[in-house]
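Asker: Let me begin by handing over the structure; questions about it come next.
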Amino acid sequence: FSMATLANLMLEPFAPSLALPRRVGMSLLAALPELLIFLGVTWILLRYLHRASLREIGFPPGRDAVRELALFGFGGAVAVSLTVLPLVALGGGAFRQSEPRIQSWATAALCVGLLALAAAAEEVLARGYGFQTLVQPLHWTGALLVSNGVFAALHMNNRNANEFSIANTFLAGCVLGMLLMVRQNLWAPIGAHFGWNLATPLLGVNLSGLPLQLTRYSIEWRWDPHWTGGGYGPEAG
């Protein structure tokens, strides 16, 4: 009985009013309570075990936060574009006009906000207190292996998940962990994570198994899913 399951039960009555496909709506809605819980637990551990604040775990305030979010959000969007568009250019797929699953601007804006919360929640869990606490006893390498094993496991039950999606999610987590080490803040990996998550449905492909279609086109793949990621999304290719 996971935290996401508990969140889904609490938020289920609100899902129909959001005009989202049910599975998509419940997955995104879980991001808010998850982020609040992760931040709350992190704050308690920092305050009472280390006499520290969230700033020390990687949340410096001010203009630096905005800059890191914007810069690496753009970087995440570029990364997924460079993953998907060359496959289309080489004939592996084609853009097709289709009906968007999300019909209103208000719902689309809500989805964007929930995608940001989901990225933040996963980064706080996978590269926040636990990861940074493991660095001293396990070194960066060990901390990356452990934390990103958890990060990959979080995606194992997603629709159309397979061994390729799990392996690629693990590797993506390692990249985000190294980004944290280089930039010395959590804003950078949160921005990169969000940029990837937002650009993926804008390109017309599934996001980690979620058919979160925000536009009036989608990509119809011609090549084998081992190359394209198929119904899971580019993370499985």
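Convention: chains lettered A, B, ... in structure tokens order; per-chain residue numbering from 1; ligands numbered from 1 as shown.
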Give me, as a list in words, all polymer residues having an atom no more than 12 Å from Thr133 of chain A, counting only C-alpha atoms and skipping those fewer than 4 positions away in the same chain.
Answerer: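 Contacts, in chain order: Thr42, Leu45, Leu46, Leu49, His50, Glu56, Ile57, Ala126, Arg127, Gly128, Tyr129, Pro137, Leu138, His139, Trp140, Gly142, Ala143, Leu144, Val146 and Ser147 of chain A.
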Asker: Go ahead and write the residues just picked, C-alpha atoms, as a JSON list (two decimals), in the first residue's frame.
Answerer:
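Here's the written file selection27.json:
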```
[["chain", "number", "residue", "atom", "x", "y", "z"],
["A", 42, "THR", "CA", 13.05, 16.22, 4.68],
["A", 45, "LEU", "CA", 15.09, 15.34, 9.41],
["A", 46, "LEU", "CA", 17.18, 18.38, 8.58],
["A", 49, "LEU", "CA", 18.96, 15.75, 13.21],
["A", 50, "HIS", "CA", 21.26, 18.29, 11.56],
["A", 56, "GLU", "CA", 21.40, 23.16, 2.78],
["A", 57, "ILE", "CA", 19.82, 20.24, 0.93],
["A", 126, "ALA", "CA", 15.65, 10.40, -5.41],
["A", 127, "ARG", "CA", 18.28, 13.13, -5.07],
["A", 128, "GLY", "CA", 17.35, 14.90, -1.86],
["A", 129, "TYR", "CA", 18.09, 13.96, 1.74],
["A", 137, "PRO", "CA", 29.47, 6.37, 3.62],
["A", 138, "LEU", "CA", 29.10, 5.14, 0.00],
["A", 139, "HIS", "CA", 30.86, 7.87, -2.01],
["A", 140, "TRP", "CA", 29.10, 9.49, -4.97],
["A", 142, "GLY", "CA", 27.48, 4.18, -4.39],
["A", 143, "ALA", "CA", 24.92, 6.89, -3.66],
["A", 144, "LEU", "CA", 24.11, 7.16, -7.37],
["A", 146, "VAL", "CA", 21.37, 3.10, -4.67],
["A", 147, "SER", "CA", 19.25, 6.19, -5.23]]
```
Asker: Grab the atom CA of Ile37 of chain A to atom CA of Ala119 of chain A distance for me, in Å with one decimal place.
Answerer: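 That distance, rounded to one decimal, is 14.3 Å.
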Asker: Near Ala116 of chain A, within 12 Å and counting only C-alpha atoms, which residues show up once chain neighbours fewer than 2 positions away are dropped, as a ChimeraX atom specification?
Answerer: /A:28-29,31-32,35,69,73,109-114,118-123,187,189-199
Asker: Can I get the residues of segment 121-234 of chain A within 7 Å of segment 88-93 of chain A, each with the closest pair of atoms and their distance in Å to one decimal, using only C-alpha atoms, sorted chain first then ascending number, as JSON lines?
Answerer:
```
{"residue": "A:Ile219", "atom": "CA", "partner": "A:Gly93", "partner_atom": "CA", "distance": 6.3}
{"residue": "A:Glu220", "atom": "CA", "partner": "A:Gly93", "partner_atom": "CA", "distance": 5.4}
{"residue": "A:Trp221", "atom": "CA", "partner": "A:Gly93", "partner_atom": "CA", "distance": 4.1}
{"residue": "A:Arg222", "atom": "CA", "partner": "A:Gly93", "partner_atom": "CA", "distance": 5.0}
{"residue": "A:Trp223", "atom": "CA", "partner": "A:Gly92", "partner_atom": "CA", "distance": 5.0}
```
Asker: Could you work out how far atom CA of Arg183 of chain A lies from atom CA of Pro86 of chain A, giving the answer in Å with one decimal?
Answerer: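 According to the coordinates, atom CA of Pro86 of chain A and atom CA of Arg183 of chain A are separated by 29.0 Å.
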